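The structure appears below as structure tokens.
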Amino acid sequence: MVFSLQNYILLRKISCGNVGCVHLAYHKDSLQKFAIKMTNLDTTNSSIRYHNEKNILRLCNHKNIIRIYDDGLEKITKQNHYKSISKNIGFITLHLLDYSIKDYIQKHKCVSEIQSLS
């Protein structure tokens with residue numbers, strides 16, 4: 001299912017975790033590909049985690065820490081057969097990697113301490 005989020009067109013879900021889901025997306029103007037992490041902000045705890053992650057990533061500048069390009073808040077409304085369901089989400093636009101850490105470890109079988117630190 002393709003849908004829009006501010007300046008982005010989200011194409012498909014890449015993965016989900018405890019805090020949110022990551023989607024493959026294109027910027028509407030540049031057509032550059034990004035990963036967009038979306039977090040449901042309807043609980044105080046998830047809202048705090050979202051803002052902490054966003055603020056920490058903004059401060060980081062290291063080759064092994066993924067770069068944040070954009071962030072924002074959005075209200076998403078979904079319509080089912082009986083009612084409309086709205087939820088507040090926070091999103092973080094990130095550099096899109098060609099592989100996951102899981103893929104890297106499966107390919108290389110192990111990661112040395114030196115590799116993990118560099």
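Chain labels A, B, ... are given in the sequence in which chains occur in the structure tokens; within each chain residues are numbered consecutively from 1, and ligands are likewise numbered from 1 in the order shown.
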Mind checking DSSP for chain A and telling me the strand (DSSP E or B) residues as a PyMOL selection string?
chain A and resi 3-5+8-16+20-27+33-40+68-79+84-94
Give me the residues near His23 (chain A) as number ranges by chain, where near means some atom within 9 Å (using only C-alpha atoms) and where sequence neighbours in that chain fewer than 4 positions away do not count.
A: 10-16, 34-38
Let's have the selection written as a CSV table (one decimal), in the first residue's frame, with all heavy atoms.
chain,number,residue,atom,x,y,z
A,10,LEU,N,5.6,6.7,0.8
A,10,LEU,CA,6.0,5.5,1.5
A,10,LEU,C,5.6,4.3,0.6
A,10,LEU,O,4.4,4.2,0.2
A,10,LEU,CB,5.4,5.3,2.9
A,10,LEU,CG,6.2,6.1,3.9
A,10,LEU,CD1,6.0,7.6,3.8
A,10,LEU,CD2,5.7,5.7,5.3
A,11,LEU,N,6.5,3.4,0.2
A,11,LEU,CA,6.2,2.3,-0.7
A,11,LEU,C,5.9,1.0,0.0
A,11,LEU,O,5.0,0.3,-0.4
A,11,LEU,CB,7.4,2.2,-1.7
A,11,LEU,CG,7.8,3.4,-2.5
A,11,LEU,CD1,9.0,3.2,-3.3
A,11,LEU,CD2,6.6,3.8,-3.4
A,12,ARG,N,6.8,0.6,0.9
A,12,ARG,CA,6.6,-0.7,1.6
A,12,ARG,C,7.2,-0.7,2.9
A,12,ARG,O,8.2,0.1,3.2
A,12,ARG,CB,7.0,-1.8,0.7
A,12,ARG,CG,8.5,-1.8,0.5
A,12,ARG,CD,9.0,-3.1,-0.3
A,12,ARG,NE,10.3,-3.0,-0.7
A,12,ARG,CZ,11.4,-3.3,0.1
A,12,ARG,NH1,11.2,-3.8,1.3
A,12,ARG,NH2,12.6,-3.2,-0.4
A,13,LYS,N,6.8,-1.6,3.8
A,13,LYS,CA,7.4,-1.8,5.1
A,13,LYS,C,8.6,-2.6,4.9
A,13,LYS,O,8.6,-3.6,4.3
A,13,LYS,CB,6.4,-2.5,6.0
A,13,LYS,CG,6.7,-2.5,7.5
A,13,LYS,CD,5.7,-3.2,8.3
A,13,LYS,CE,4.3,-2.5,8.2
A,13,LYS,NZ,3.3,-3.1,9.0
A,14,ILE,N,9.7,-2.2,5.6
A,14,ILE,CA,11.0,-2.9,5.5
A,14,ILE,C,11.1,-3.8,6.8
A,14,ILE,O,11.4,-5.0,6.6
A,14,ILE,CB,12.2,-1.9,5.5
A,14,ILE,CG1,12.2,-1.1,4.3
A,14,ILE,CG2,13.5,-2.7,5.7
A,14,ILE,CD1,13.2,0.0,4.2
A,15,SER,N,10.8,-3.3,7.9
A,15,SER,CA,10.8,-4.1,9.2
A,15,SER,C,10.1,-3.4,10.3
A,15,SER,O,9.7,-2.2,10.2
A,15,SER,CB,12.3,-4.4,9.6
A,15,SER,OG,12.9,-3.2,10.0
A,16,CYS,N,9.8,-4.1,11.3
A,16,CYS,CA,9.2,-3.6,12.5
A,16,CYS,C,9.9,-4.1,13.8
A,16,CYS,O,10.5,-5.1,13.8
A,16,CYS,CB,7.7,-4.0,12.7
A,16,CYS,SG,6.6,-3.2,11.5
A,34,PHE,N,14.9,6.9,1.0
A,34,PHE,CA,15.2,7.0,2.4
A,34,PHE,C,14.5,5.8,3.2
A,34,PHE,O,13.6,5.2,2.6
A,34,PHE,CB,14.6,8.3,3.0
A,34,PHE,CG,15.3,9.5,2.5
A,34,PHE,CD1,14.8,10.3,1.5
A,34,PHE,CD2,16.5,9.9,3.1
A,34,PHE,CE1,15.5,11.4,1.1
A,34,PHE,CE2,17.2,11.0,2.7
A,34,PHE,CZ,16.7,11.8,1.6
A,35,ALA,N,14.9,5.6,4.4
A,35,ALA,CA,14.2,4.8,5.3
A,35,ALA,C,13.5,5.7,6.3
A,35,ALA,O,14.1,6.7,6.8
A,35,ALA,CB,15.2,3.9,6.1
A,36,ILE,N,12.2,5.5,6.5
A,36,ILE,CA,11.4,6.3,7.4
A,36,ILE,C,11.0,5.4,8.6
A,36,ILE,O,10.2,4.5,8.4
A,36,ILE,CB,10.3,7.0,6.8
A,36,ILE,CG1,10.8,8.0,5.7
A,36,ILE,CG2,9.4,7.7,7.8
A,36,ILE,CD1,9.8,8.9,5.1
A,37,LYS,N,11.4,5.8,9.8
A,37,LYS,CA,11.0,5.1,11.0
A,37,LYS,C,9.8,5.8,11.6
A,37,LYS,O,9.8,7.0,11.8
A,37,LYS,CB,12.1,5.0,12.0
A,37,LYS,CG,11.7,4.3,13.3
A,37,LYS,CD,12.9,4.1,14.2
A,37,LYS,CE,12.6,3.3,15.4
A,37,LYS,NZ,13.8,3.2,16.3
A,38,MET,N,8.7,5.1,11.7
A,38,MET,CA,7.4,5.6,12.2
A,38,MET,C,7.1,5.0,13.6
A,38,MET,O,7.2,3.8,13.8
A,38,MET,CB,6.3,5.4,11.2
A,38,MET,CG,6.5,6.1,9.9
A,38,MET,SD,5.3,5.6,8.6
A,38,MET,CE,3.7,5.9,9.4
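For the residues A:Ile92, A:Leu24, A:Leu31, A:Cys110, ranking by smallest atom-to-atom distance to Ile56 (chain A) using only C-alpha atoms places A:Ile92 first.
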Could you name the residues that touch Asp70 (chain A) at 9 Å or less, counting only C-alpha atoms, but leaving out those on the same chain fewer than 6 positions away, as a ChimeraX atom specification?
/A:91-94
In region 72-115 of chain A, what's helix (DSSP H, G or I) per DSSP? Answer as number ranges by chain?
A: 101-108, 113-115
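Residues in contact with region 61-69 of chain A at 9 Å, where only C-alpha atoms are counted and same-chain residues fewer than 2 positions away are skipped, are listed as Phe34, Lys54, Leu57, Arg58, Leu59, Asp71, Ile92, Thr93, Leu94, His95, Leu96, Leu97, Leu117 and Ser118 of chain A.
Here CA of Ser47 (chain A) and CA of Cys21 (chain A) stand 14.6 Å from one another.
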